Structure formats: C-alpha cells, structure tokens
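S.K.: Hey, dropping data.txt in here, compact mmCIF, C-alpha atoms and all ligand atoms:
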# COMPACT_ATOMS: atom_id res chain seq x y z
CA MET N 15 0.00 0.00 0.00
CA THR N 16 1.24 3.50 -0.82
CA GLU N 17 1.80 6.17 1.82
CA PRO N 18 -1.31 8.21 2.73
CA ILE N 19 -1.28 11.59 1.06
CA LEU N 20 -1.51 15.15 2.30
CA ILE N 21 -4.23 17.04 0.39
CA ASP N 22 -3.15 20.32 -1.19
CA THR N 23 -5.19 23.13 0.37
CA GLY N 24 -3.04 25.97 -1.01
CA ARG N 25 -4.44 29.07 -2.65
CA SER N 26 -5.37 28.93 -6.30
CA PRO N 27 -3.14 30.81 -8.77
CA THR N 28 -5.56 33.43 -10.18
CA GLY N 29 -8.25 33.30 -7.54
CA TRP N 30 -10.12 36.16 -5.96
CA SER N 31 -7.14 36.83 -3.70
CA PHE N 32 -5.33 37.82 -6.92
CA TRP N 33 -8.05 39.89 -8.60
CA GLY N 34 -10.10 41.12 -5.66
CA SER N 35 -8.04 43.97 -4.22
CA SER N 36 -7.76 45.65 -7.63
CA PHE N 37 -11.49 46.35 -7.51
CA TYR N 38 -11.17 48.61 -4.50
CA CYS N 39 -7.57 49.77 -4.29
CA ASP N 40 -5.04 49.65 -7.14
CA GLN N 41 -2.31 50.58 -4.67
CA LEU N 42 -3.07 47.54 -2.55
CA TRP N 43 -3.04 45.30 -5.64
CA PHE N 44 0.33 46.75 -6.65
CA ILE N 45 1.83 46.24 -3.18
CA THR N 46 0.65 42.63 -2.81
CA ASN N 47 1.23 41.43 -6.37
CA VAL N 48 3.97 43.54 -7.95
CA LEU N 49 5.94 44.18 -4.74
CA GLN N 50 4.90 40.78 -3.33
CA LYS N 51 4.44 42.10 0.20
CA GLN N 52 2.69 39.76 2.60
CA LEU N 53 0.25 42.05 4.39
CA ILE N 54 -2.23 39.82 6.17
CA ALA N 55 -1.02 38.92 9.63
CA ALA N 56 0.68 35.53 9.43
CA ASP N 57 -0.97 33.88 12.46
CA PRO N 58 -4.61 33.97 11.29
CA LEU N 59 -3.47 32.74 7.86
CA ILE N 60 -1.57 29.83 9.39
CA GLN N 61 -4.48 28.90 11.64
CA GLY N 62 -6.86 29.12 8.70
CA SER N 63 -4.65 26.86 6.58
CA MET N 64 -4.33 24.32 9.37
CA GLY N 65 -8.09 24.30 9.87
CA HIS N 66 -8.68 23.83 6.13
CA THR N 67 -6.16 20.98 6.05
CA LEU N 68 -7.89 19.27 8.91
CA LEU N 69 -11.38 19.57 7.43
CA ALA N 70 -10.21 18.49 3.97
CA HIS N 71 -8.86 15.21 5.34
CA TYR N 72 -11.85 14.69 7.59
CA TYR N 73 -14.36 15.05 4.75
CA ALA N 74 -12.23 13.11 2.25
CA ARG N 75 -12.18 10.14 4.60
CA VAL N 76 -15.92 10.53 5.28
CA ALA N 77 -16.48 10.47 1.50
CA CYS N 78 -14.58 7.20 1.20
CA LYS N 79 -16.77 5.65 3.90
CA GLN N 80 -19.85 6.88 2.00
CA GLY N 81 -18.70 5.12 -1.16
CA GLY N 82 -15.81 7.14 -2.54
CA LEU N 83 -14.96 10.43 -4.24
CA MET N 84 -13.04 11.71 -7.23
CA TYR N 85 -9.79 13.27 -6.11
CA GLU N 86 -7.52 14.85 -8.75
CA GLY N 87 -9.06 12.74 -11.51
CA GLN N 88 -8.88 9.49 -9.61
CA GLU N 89 -11.65 7.59 -7.88
CA VAL N 90 -10.70 6.95 -4.26
CA THR N 91 -12.63 4.62 -1.94
CA ASP N 92 -10.01 3.81 0.69
CA PRO N 93 -10.00 6.31 3.60
CA ASP N 94 -6.36 5.48 4.25
CA TYR N 95 -5.48 6.91 0.87
CA PHE N 96 -5.50 10.18 2.86
CA LEU N 97 -3.73 11.03 6.10
CA THR N 98 -5.99 11.25 9.13
CA PRO N 99 -6.95 14.84 10.03
CA GLU N 100 -4.57 14.82 13.00
CA GLN N 101 -1.68 13.41 10.95
CA ALA N 102 -2.40 15.88 8.18
CA VAL N 103 -2.15 18.90 10.46
CA ARG N 104 1.18 17.70 11.83
CA GLU N 105 2.49 16.93 8.34
CA TRP N 106 1.36 20.35 7.09
CA VAL N 107 3.29 21.98 9.94
CA ARG N 108 6.38 19.85 9.25
CA ARG N 109 6.44 20.79 5.56
CA ARG N 110 5.83 24.49 6.18
CA GLN N 111 8.63 24.53 8.75
CA HIS N 112 11.04 23.78 5.91
CA GLU N 113 9.74 26.92 4.19
CA GLY N 114 10.21 29.04 7.31
CA THR N 115 6.57 29.07 8.51
CA GLU N 116 6.08 28.14 12.15
CA GLY N 117 2.74 26.54 13.00
CA ALA N 118 3.62 24.00 15.71
CA HIS N 119 2.27 26.21 18.49
CA PHE N 120 -1.19 26.12 16.85
CA ILE N 121 -1.47 22.34 16.66
CA ALA N 122 -3.12 21.90 20.08
CA ASN N 123 -5.71 24.58 19.35
CA THR N 124 -6.43 23.21 15.88
CA LEU N 125 -7.06 19.74 17.28
CA GLU N 126 -9.28 21.21 19.97
CA VAL N 127 -11.26 23.05 17.29
CA PHE N 128 -11.72 19.72 15.53
CA ARG N 129 -12.86 18.01 18.73
CA GLN N 130 -15.39 20.77 19.29
CA TYR N 131 -16.51 20.57 15.66
CA LYS N 132 -17.25 16.87 15.91
CA LEU N 133 -18.96 17.31 19.28
CA ARG N 134 -21.37 19.68 17.59
CA GLU N 135 -21.77 17.53 14.52
CA PRO N 136 -20.89 13.89 15.17
CA PHE N 137 -22.51 12.60 11.93
CA VAL N 138 -22.30 13.79 8.34
CA TYR N 139 -25.68 13.25 6.75
CA ASP N 140 -25.00 14.87 3.40
CA ARG N 141 -23.00 13.17 0.66
CA VAL N 142 -19.46 14.45 0.18
CA ILE N 143 -18.80 14.93 -3.54
CA GLY N 144 -15.30 16.35 -3.40
CA VAL N 145 -12.73 18.21 -1.32
CA GLU N 146 -10.25 20.92 -2.33
CA MET N 147 -11.48 20.88 -5.92
CA LEU N 148 -9.53 23.27 -8.13
CA THR N 149 -11.88 24.91 -10.62
CA LYS N 150 -11.02 27.28 -13.44
CA LEU N 151 -13.12 29.71 -15.45
CA THR N 152 -11.86 31.43 -18.59
CA LEU N 153 -13.26 34.60 -20.09
CA GLY N 154 -14.68 34.27 -23.59
CA TYR N 155 -17.58 32.87 -25.60
CA ASN N 156 -19.38 29.60 -25.11
CA PHE N 157 -20.88 27.43 -27.87
CA ASP N 158 -24.06 29.58 -27.90
CA GLY N 159 -21.98 32.69 -28.53
CA ASP N 160 -22.54 34.08 -25.02
CA PHE N 161 -19.78 36.10 -23.39
CA GLY N 162 -18.92 34.98 -19.88
CA LEU N 163 -16.63 33.01 -17.62
CA TRP N 164 -16.65 29.40 -18.76
CA THR N 165 -15.25 26.07 -17.72
CA ASP N 166 -13.03 24.35 -20.30
CA ASP N 167 -15.94 22.19 -21.49
CA ASN N 168 -18.14 25.19 -22.18
CA LEU N 169 -15.50 27.53 -23.61
CA ARG N 170 -15.41 27.88 -27.37
CA ASP N 171 -13.47 31.06 -27.98
CA PRO N 172 -11.33 32.65 -25.23
CA THR N 173 -11.02 36.45 -25.13
CA LEU N 174 -7.35 37.42 -24.87
CA ILE N 175 -5.73 40.44 -23.25
CA ASP N 176 -5.08 43.07 -25.89
CA CYS N 177 -2.13 45.16 -24.69
CA PRO N 178 0.80 45.15 -27.16
CA GLU N 179 2.79 47.40 -24.77
CA LEU N 180 3.04 44.39 -22.43
CA PRO N 181 4.39 41.61 -24.68
CA VAL N 182 5.84 39.69 -21.74
CA PRO N 183 4.49 39.61 -18.18
CA HIS N 184 5.98 41.46 -15.25
CA PRO N 185 8.09 38.81 -13.45
CA ASN N 186 5.83 38.91 -10.37
CA VAL N 187 2.54 38.87 -12.29
CA PRO N 188 2.74 35.98 -14.76
CA ALA N 189 -1.01 35.93 -15.50
CA ILE N 190 -1.26 39.32 -17.23
CA TYR N 191 0.33 40.07 -20.63
CA HIS N 192 -0.61 40.67 -24.25
CA GLY N 193 -2.33 37.60 -25.66
CA ALA N 194 -2.95 35.94 -22.29
CA ARG N 195 -6.21 34.21 -21.48
CA ILE N 196 -8.09 35.84 -18.60
CA GLU N 197 -8.65 33.18 -16.00
CA MET N 198 -10.27 32.94 -12.59
CA THR N 199 -9.48 29.95 -10.46
CA LYS N 200 -11.13 28.83 -7.27
CA ARG N 201 -10.35 25.96 -5.00
CA TRP N 202 -13.61 24.67 -3.57
CA ASP N 203 -13.13 23.62 0.01
CA LEU N 204 -15.92 21.08 -0.23
CA ALA N 205 -18.80 20.06 -2.47
CA MET N 206 -21.78 18.34 -0.85
CA GLU N 207 -25.03 16.80 -1.98
CA HIS N 208 -27.73 17.71 0.48
CA LYS N 209 -29.66 14.72 1.76
CA GLN N 210 -33.01 16.47 1.96
CA ASP N 211 -33.26 18.42 -1.27
CA GLY N 212 -30.82 16.37 -3.39
CA ARG N 213 -29.09 19.53 -4.59
CA GLN N 214 -25.35 20.04 -4.72
CA TYR N 215 -23.69 22.86 -2.80
CA VAL N 216 -20.24 24.40 -2.65
CA TRP N 217 -19.04 24.82 0.92
CA ASP N 218 -16.58 27.46 1.93
CA HIS N 219 -14.86 26.94 5.29
CA LYS N 220 -13.98 30.02 7.32
CA ILE N 221 -11.87 29.26 10.36
CA THR N 222 -12.34 32.42 12.31
CA GLY N 223 -11.34 34.06 15.55
CA ALA N 224 -14.27 36.47 15.11
CA GLY N 225 -17.97 35.92 15.70
CA ILE N 226 -20.13 33.50 13.76
CA GLY N 227 -23.40 35.39 14.08
CA LYS N 228 -26.28 35.01 11.66
CA THR N 229 -25.35 38.03 9.54
CA ARG N 230 -21.95 36.67 8.48
CA ALA N 231 -23.20 35.15 5.22
CA GLU N 232 -24.82 38.43 4.27
CA GLN N 233 -21.53 40.21 4.95
CA TYR N 234 -19.74 37.81 2.61
CA ALA N 235 -22.42 37.80 -0.10
CA MET N 236 -20.93 40.55 -2.24
CA ASP N 237 -17.37 39.21 -1.98
CA GLY N 238 -16.26 38.27 -5.49
CA GLN N 239 -15.11 34.79 -4.53
CA PHE N 240 -18.73 33.78 -4.04
CA ALA N 241 -19.69 34.90 -7.54
CA VAL N 242 -16.87 32.71 -8.86
CA ASN N 243 -18.13 29.81 -6.73
CA ARG N 244 -21.60 30.22 -8.18
CA LEU N 245 -20.53 30.63 -11.81
CA ALA N 246 -18.36 27.51 -11.55
CA GLY N 247 -20.96 25.60 -9.52
CA GLN N 248 -23.67 26.22 -12.13
CA GLN N 249 -21.45 24.64 -14.78
CA LEU N 250 -19.74 21.86 -12.87
CA LEU N 251 -22.30 20.51 -10.42
CA LYS N 252 -25.53 18.67 -11.11
CA ASN N 253 -28.58 20.42 -9.73
CA PHE N 254 -26.46 23.19 -8.18
CA GLY N 255 -28.05 24.63 -5.04
CA GLY N 256 -25.72 27.49 -4.09
CA VAL N 257 -22.89 28.31 -1.72
CA VAL N 258 -22.75 27.53 1.98
CA LEU N 259 -20.49 29.21 4.47
CA ASN N 260 -19.14 26.76 7.04
CA LEU N 261 -18.09 29.09 9.84
CA VAL N 262 -15.86 27.51 12.46
CA GLN N 263 -14.96 29.53 15.51
CA ARG N 264 -11.45 28.69 16.61
CA ARG N 265 -11.54 30.02 20.14
CA ASP N 266 -13.67 29.67 23.24
CA PRO N 267 -16.72 29.38 23.20
CA TYR N 268 -15.99 27.69 19.85
CA GLY N 269 -18.98 26.97 17.63
CA VAL N 270 -20.06 26.10 14.12
CA SER N 271 -22.54 28.02 12.02
CA ARG N 272 -23.61 26.95 8.57
CA GLN N 273 -25.14 29.73 6.55
CA PHE N 274 -26.46 29.92 3.01
CA VAL N 275 -24.73 32.74 1.15
CA PRO N 276 -27.39 34.98 -0.45
CA ALA N 277 -27.20 34.95 -4.25
CA THR N 278 -26.21 38.12 -6.12
CA PRO N 279 -27.50 37.48 -9.65
CA PHE N 280 -27.08 41.04 -10.99
CA ARG N 281 -23.46 41.25 -9.82
CA ASP N 282 -22.66 37.72 -11.06
CA GLU N 283 -23.89 38.70 -14.51
CA GLN N 284 -21.65 41.76 -14.64
CA LEU N 285 -18.52 40.01 -13.40
CA PRO N 286 -17.21 38.80 -16.81
CA ARG N 287 -17.24 42.31 -18.30
CA GLN N 288 -15.79 43.75 -15.12
CA ILE N 289 -12.92 41.27 -15.15
CA PHE N 290 -12.31 42.05 -18.84
CA LYS N 291 -12.00 45.76 -18.10
CA LYS N 292 -9.92 45.20 -15.00
CA ALA N 293 -7.45 42.86 -16.70
CA HIS N 294 -6.86 45.45 -19.43
CA ALA N 295 -6.48 48.32 -16.97
CA LEU N 296 -3.95 46.32 -14.94
CA ALA N 297 -2.05 45.29 -18.09
CA GLU N 298 -1.74 48.92 -19.13
CA MET N 299 -0.55 50.04 -15.70
CA LEU N 300 1.95 47.20 -15.56
CA ALA N 301 3.30 48.18 -18.98
CA HIS N 302 3.79 51.77 -17.81
CA THR N 303 5.38 50.58 -14.58
CA ILE N 304 7.86 48.37 -16.44
CA LYS N 305 8.69 51.24 -18.82
CA GLY N 306 9.36 53.44 -15.80
CA ASP N 307 6.89 56.18 -16.66
CA MET N 308 4.67 55.17 -13.74
CA GLY N 309 5.85 54.66 -10.15
CA GLN N 310 4.23 53.23 -7.04
CA GLY N 311 2.65 56.56 -6.17
CA ASP N 312 0.75 56.59 -9.47
CA TRP N 313 -1.24 53.48 -8.56
CA GLU N 314 -4.50 54.89 -7.18
CA MET N 315 -5.21 54.62 -3.47
CA ALA N 316 -8.66 53.90 -2.03
CA GLN N 317 -8.11 56.53 0.68
CA SER N 318 -11.25 55.50 2.48
CA GLU N 319 -11.92 55.13 6.15
CA LEU N 320 -13.71 51.83 5.46
CA ALA N 321 -11.09 50.31 3.13
CA CYS N 322 -8.02 51.53 5.01
CA TYR N 323 -9.34 50.71 8.48
CA HIS N 324 -11.80 47.85 8.09
CA ARG N 325 -13.47 45.44 10.49
CA TYR N 326 -10.29 43.38 10.94
CA GLY N 327 -8.25 46.47 11.74
CA LYS N 328 -5.75 48.54 9.80
CA CYS N 329 -4.96 47.64 6.19
CA GLY N 330 -1.52 45.99 6.19
CA ALA N 331 -0.23 48.69 3.82
CA PHE N 332 -1.45 51.57 5.95
CA ASP N 333 2.01 52.77 6.94
CA MET N 334 3.35 52.35 3.41
CA CYS N 335 0.57 54.61 2.15
CA ARG N 336 1.09 56.98 5.03
CA PHE N 337 4.84 57.44 4.82
CA GLY N 338 5.89 55.85 1.53
S1 LIG N 401 -4.11 51.81 3.32
FE1 LIG N 401 -5.88 52.28 2.03
S2 LIG N 401 -5.00 53.26 0.24
FE2 LIG N 401 -3.35 52.15 1.25
S3 LIG N 401 -3.26 50.15 0.29
FE3 LIG N 401 -4.57 49.96 2.09
S4 LIG N 401 -6.64 50.30 1.29
FE4 LIG N 401 -5.22 51.08 -0.26
Now, as a test, write the supplied structure out as structure tokens.
Ligand code: SF4

M.R.:
Amino acid sequence: MTEPILIDTGRSPTGWSFWGSSFYCDQLWFITNVLQKQLIAADPLIQGSMGHTLLAHYYARVACKQGGLMYEGQEVTDPDYFLTPEQAVREWVRRRQHEGTEGAHFIANTLEVFRQYKLREPFVYDRVIGVEMLTKLTLGYNFDGDFGLWTDDNLRDPTLIDCPELPVPHPNVPAIYHGARIEMTKRWDLAMEHKQDGRQYVWDHKITGAGIGKTRAEQYAMDGQFAVNRLAGQQLLKNFGGVVLNLVQRRDPYGVSRQFVPATPFRDEQLPRQIFKKAHALAEMLAHTIKGDMGQGDWEMAQSELACYHRYGKCGAFDMCRFG
C-alpha cells in the first residue's frame, strides 16, 4: 500500500485573492502582487490553513466511507489513501517549517477546534462529492456565442488580453500580458449533496477568531469569490443549489454556524465584463510601470476610512501609504 497523502489546500493561482483587491484599491493590488508584500497577519493565515487541512482530510475520509470520491481525476474509496486529520495537520506543519513558517504552536488549538466541531456535529448526513477541488473559469464565448466566464468544457473562444505594450508579463505577475487568457481559479473547500433536497452545494470553510453570528453570510455575499463559486458551480455541479459558508470559531466558546450565502445574480452577470476591463487596466498600468513612466505613487489609493481601516483592523499597507 502507498503512503497516505496530504491534500493540497493551497491558494489557487488566479483566484479572488489575486483579482479582488484591484477592484477597490489599485495601490493595494500593486503592493501585494507587484511588490509581493505579505500584508495579512501571518498567524490567522496559518491557523486558517491548518483548519482547512484538517477539514479536507476529515471530509475526504468521510467520502470514502460513504462510497468514494473523485480526487484529482482518480476515484478513491479507501479512507487510508488520505492522512488522518490529525496526521495531516502535523504533516502540514512539518512541511511548512522547511519553508520558514512556524505553526507548531497552533497544533493543540487546531485539534481542539476539531474536537469541538465533531462534538457539535458527530454525523455527516450529506454526501461528500469532493474536497479541495480546483476549478477554473476562462473569459470568452461559449458554444451559444454568449460572453462569460466558462469552464473548459463550455468555452469555445477565449477572449485574450489586448495590450501590445506588455508583450511579456511582469516577473511577479505571470497571469497578465498581451495575448494571455483571462482566467479565474477557485479551489472549492468542499462540495456536498444535500440529503433532503438532493441539490449540490459548494461549501466554503472560514476558520475564524471572530464571531459567527447570523449576519456573516450576508456580509460575505458581495465578496467576489462567491460569484466565482456560483458561476463555476452552475457549470460543474448537477442540480447546483448554491454556496454555503461553514463558519468555524477557533476560540472559546468555539462553535459552528452553517449559513447559506445569499445569491447576487445582478453582480454575477456583470462580473465577466468587469474582469475584462480590469485585466486590461492592470495590463496597461503594468506596462507603464515596467517602462518606468509610472511609479508606485501613481497606482491609485482607495483613501477610504472603510477600506483603510476595516473590520479586521488597519490595512496591512497603511504605513506604506502613510509614509511611503
Ligand atoms: S491603506 Fe488604504 S489606500 Fe493604502 S493600500 Fe490599504 S486600502 Fe489602499
């Protein structure tokens, strides 16, 4: 028998974490992508990754006990194909240590979160369809001639970036250059078939130190990542039901809240054209930056009380914007 595997829960290459900030602050997009500054505090990110790793292995093994799942193009029915959740967290920490990320001091808390999670939900009634599923949408036309973001099976004619001044990408932004396809990727944390209504849902885990009150899904509704989830879900899942937020509180009093993310049909419909415009605007600014006729200070700043000092605290680039 082969060694059990560690599931990849890493971020997707051109996901909303790549595109999203450009829709509210070009300066922030420049700092995180072109300058490659890591602005989000490391600890919550590490705890979030460890929680995702744990849940991915838990649900993958549950899926095997329910009859199996497709994982990276392969049908898997043996739970021991995957590490146990506890082993996976330790292995994740061991591998990240080699890259200079220290997560060992969060292991005890992560395992306690898992214990609390299972106390609250000892049985999984819904059918697990997949875990950590990497999806990709490409901008262009489908076989009916409709412009949109399409999966490979539905894409007939991709729309390419038209920016001859940027013939090769900036070294830190490989996705944007003249002639490139415009892609949005999203790694689904989990896909589930609901036992009662038979519909298939995309689940998004949020391992949070904040509250898990009933308004959280509404707060997330307009976040672009959920539009991407929906556009991909409509094309990839049978009888798609929507997106579910699986909120897991990682500190006392702990807790789990599962909330349906309200749909945003008008916004979802506009997203393809908005991404088209945004990709071209970014390509042009990158071209000017490479040529040297545009510097950091020319990338527009949001300069807003709400964007610069949001509900999680100060934007990580606050002092860079303040003092340069
Ligand atoms: S502090 Fe404000 S202006 Fe500066 S990068 Fe953050 S959001 Fe943009």

S.K.: Could you produce a table of the residues of stretch 114-229 of chain N lying within 12 Å of stretch 305-319 of chain N, with the nearest pair of atoms per residue and their separation in Å rounded to one decimal, using all atoms listed in the file, ordered by chain and increasing residue number, as a tab-separated table?

M.R.:
residue	atom	partner	partner_atom	distance
N:Glu179	CA	N:Lys305	CA	9.2
N:Leu180	CA	N:Lys305	CA	9.6
N:His184	CA	N:Lys305	CA	10.8

S.K.: Using only C-alpha atoms and all ligand atoms, find each protein or nucleic acid residue lying at most 10 Å from ligand LIG 401 (chain N); present the set as a ChimeraX atom specification.

M.R.: /N:35-36,38-46,53,313-324,328-336,338

S.K.: Can you tell me, as a ChimeraX atom specification, what residues are no more than 12 Å from stretch 72-87 of chain N when counting all atoms listed in the file, ignoring any on the same chain fewer than 4 positions away?

M.R.: /N:18-22,65-68,91-103,125,128-129,131-132,136-149,203-207,217,219

S.K.: Just how far from atom CA of N:Asn260 is atom CA of N:Ala241, in Å to one decimal?

M.R.: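 Calculated distance between atom CA of N:Ala241 and atom CA of N:Asn260 is 16.7 Å.
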
S.K.: Applying 8 Å and only C-alpha atoms, which residues near stretch 224-227 of chain N remain after dropping the ones on its own chain fewer than 5 positions away? List them as JSON, numbers by chain.

M.R.: {"N": [261, 262, 263, 269, 270, 271]}

S.K.: Using only C-alpha atoms, pick whichever of N:Ile54, N:Ile196, N:Thr173, N:Arg230 has the shortest atom-to-atom distance to N:Gly327.

M.R.: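 Going through N:Ile54, N:Ile196, N:Thr173, N:Arg230 one by one, the smallest distance to N:Gly327 is for N:Ile54.
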
S.K.: Excluding N:Thr115 and its own-chain neighbours fewer than 2 positions away, which residues fall within 12 Å of it when counting only C-alpha atoms? Please give them as a PDB file with C-alpha atoms, in the frame of the given file.

M.R.:
ATOM      1  CA  ALA N  56       0.680  35.530   9.430  1.00  0.00           C
ATOM      2  CA  ASP N  57      -0.970  33.880  12.460  1.00  0.00           C
ATOM      3  CA  LEU N  59      -3.470  32.740   7.860  1.00  0.00           C
ATOM      4  CA  ILE N  60      -1.570  29.830   9.390  1.00  0.00           C
ATOM      5  CA  GLN N  61      -4.480  28.900  11.640  1.00  0.00           C
ATOM      6  CA  SER N  63      -4.650  26.860   6.580  1.00  0.00           C
ATOM      7  CA  MET N  64      -4.330  24.320   9.370  1.00  0.00           C
ATOM      8  CA  TRP N 106       1.360  20.350   7.090  1.00  0.00           C
ATOM      9  CA  VAL N 107       3.290  21.980   9.940  1.00  0.00           C
ATOM     10  CA  ARG N 108       6.380  19.850   9.250  1.00  0.00           C
ATOM     11  CA  ARG N 109       6.440  20.790   5.560  1.00  0.00           C
ATOM     12  CA  ARG N 110       5.830  24.490   6.180  1.00  0.00           C
ATOM     13  CA  GLN N 111       8.630  24.530   8.750  1.00  0.00           C
ATOM     14  CA  HIS N 112      11.040  23.780   5.910  1.00  0.00           C
ATOM     15  CA  GLU N 113       9.740  26.920   4.190  1.00  0.00           C
ATOM     16  CA  GLY N 117       2.740  26.540  13.000  1.00  0.00           C
ATOM     17  CA  ALA N 118       3.620  24.000  15.710  1.00  0.00           C
ATOM     18  CA  HIS N 119       2.270  26.210  18.490  1.00  0.00           C
ATOM     19  CA  PHE N 120      -1.190  26.120  16.850  1.00  0.00           C
TER      20      PHE N 120
END

S.K.: Between N:Leu163, N:Leu169, N:Ile121, N:Ala235, single out the one closest to N:Arg264, counting all atoms listed in the file.

M.R.: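 Closest to N:Arg264 of all the choices is N:Ile121.
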
S.K.: Rank nothing, just name the residue among N:His192, N:Arg272, N:His71, N:Lys200 nearest to N:Thr28, using all atoms listed in the file.

M.R.: N:Lys200

S.K.: Tell me, in Å to one decimal, how far atom CA of N:Gly256 is from atom CA of N:Glu89.

M.R.: 24.7 Å

S.K.: If I take atom CA of N:Phe240 and atom CA of N:Val275, how far is one from the other in Å, to one decimal?

M.R.: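 It comes out at 8.0 Å.
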
S.K.: Would you place a box with edges along x, y and z of the file around all atoms of stretch 228-244 of chain N listed there, add 6 Å to each of its six sides, and report the centre and edge lengths in Å to one decimal, as lines of an AutoDock Vina configuration file?

M.R.:
center_x = -20.7
center_y = 35.2
center_z = 1.4
size_x = 23.2
size_y = 22.7
size_z = 32.5

S.K.: Neighbours of N:Phe290 within 12 Å (only C-alpha atoms; same-chain residues fewer than 5 positions away dropped), as a list in words?

M.R.: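 In the requested format, the answer is Trp33, Thr152, Leu153, Gly154, Phe161, Gly162, Leu163, Pro172, Thr173, Leu174, Ile175, Asp176, Ile190, Ala194, Arg195, Ile196, Glu197, Met198, Gln284, Leu285, Ala295, Leu296 and Ala297 of chain N.
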
S.K.: What lies within 7 Å of N:Gly255 using all atoms listed in the file, ignoring chain neighbours under 3 positions off, as a list of chain:residue names?

M.R.: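 Counting all atoms listed in the file, the residues come to N:Arg213, N:Gln214, N:Tyr215.
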
S.K.: Could those selected residues go to a file with C-alpha atoms, as a compact mmCIF listing (two decimals), in the coordinates of the input?

M.R.:
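Okay, this is what ended up in out.txt:
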# COMPACT_ATOMS: atom_id res chain seq x y z
CA ARG N 213 -29.09 19.53 -4.59
CA GLN N 214 -25.35 20.04 -4.72
CA TYR N 215 -23.69 22.86 -2.80

S.K.: Restricting the calculation to only C-alpha atoms: of N:Val242, N:Asn186, N:Thr222, N:Thr23, which residue gets closest to N:Pro279?

M.R.: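 The answer is N:Val242, which sits nearest to N:Pro279.
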
S.K.: Rank nothing, just name the residue among N:Lys220, N:Gln249, N:Arg201, N:Gln233 nearest to N:Asn156, using all atoms listed in the file.

M.R.: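 The answer is N:Gln249, which sits nearest to N:Asn156.
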
S.K.: Which one of N:Asn47, N:Pro185, N:Arg170, N:Gln130 sits closest to N:Asp158 if you count all atoms listed in the file?

M.R.: N:Arg170
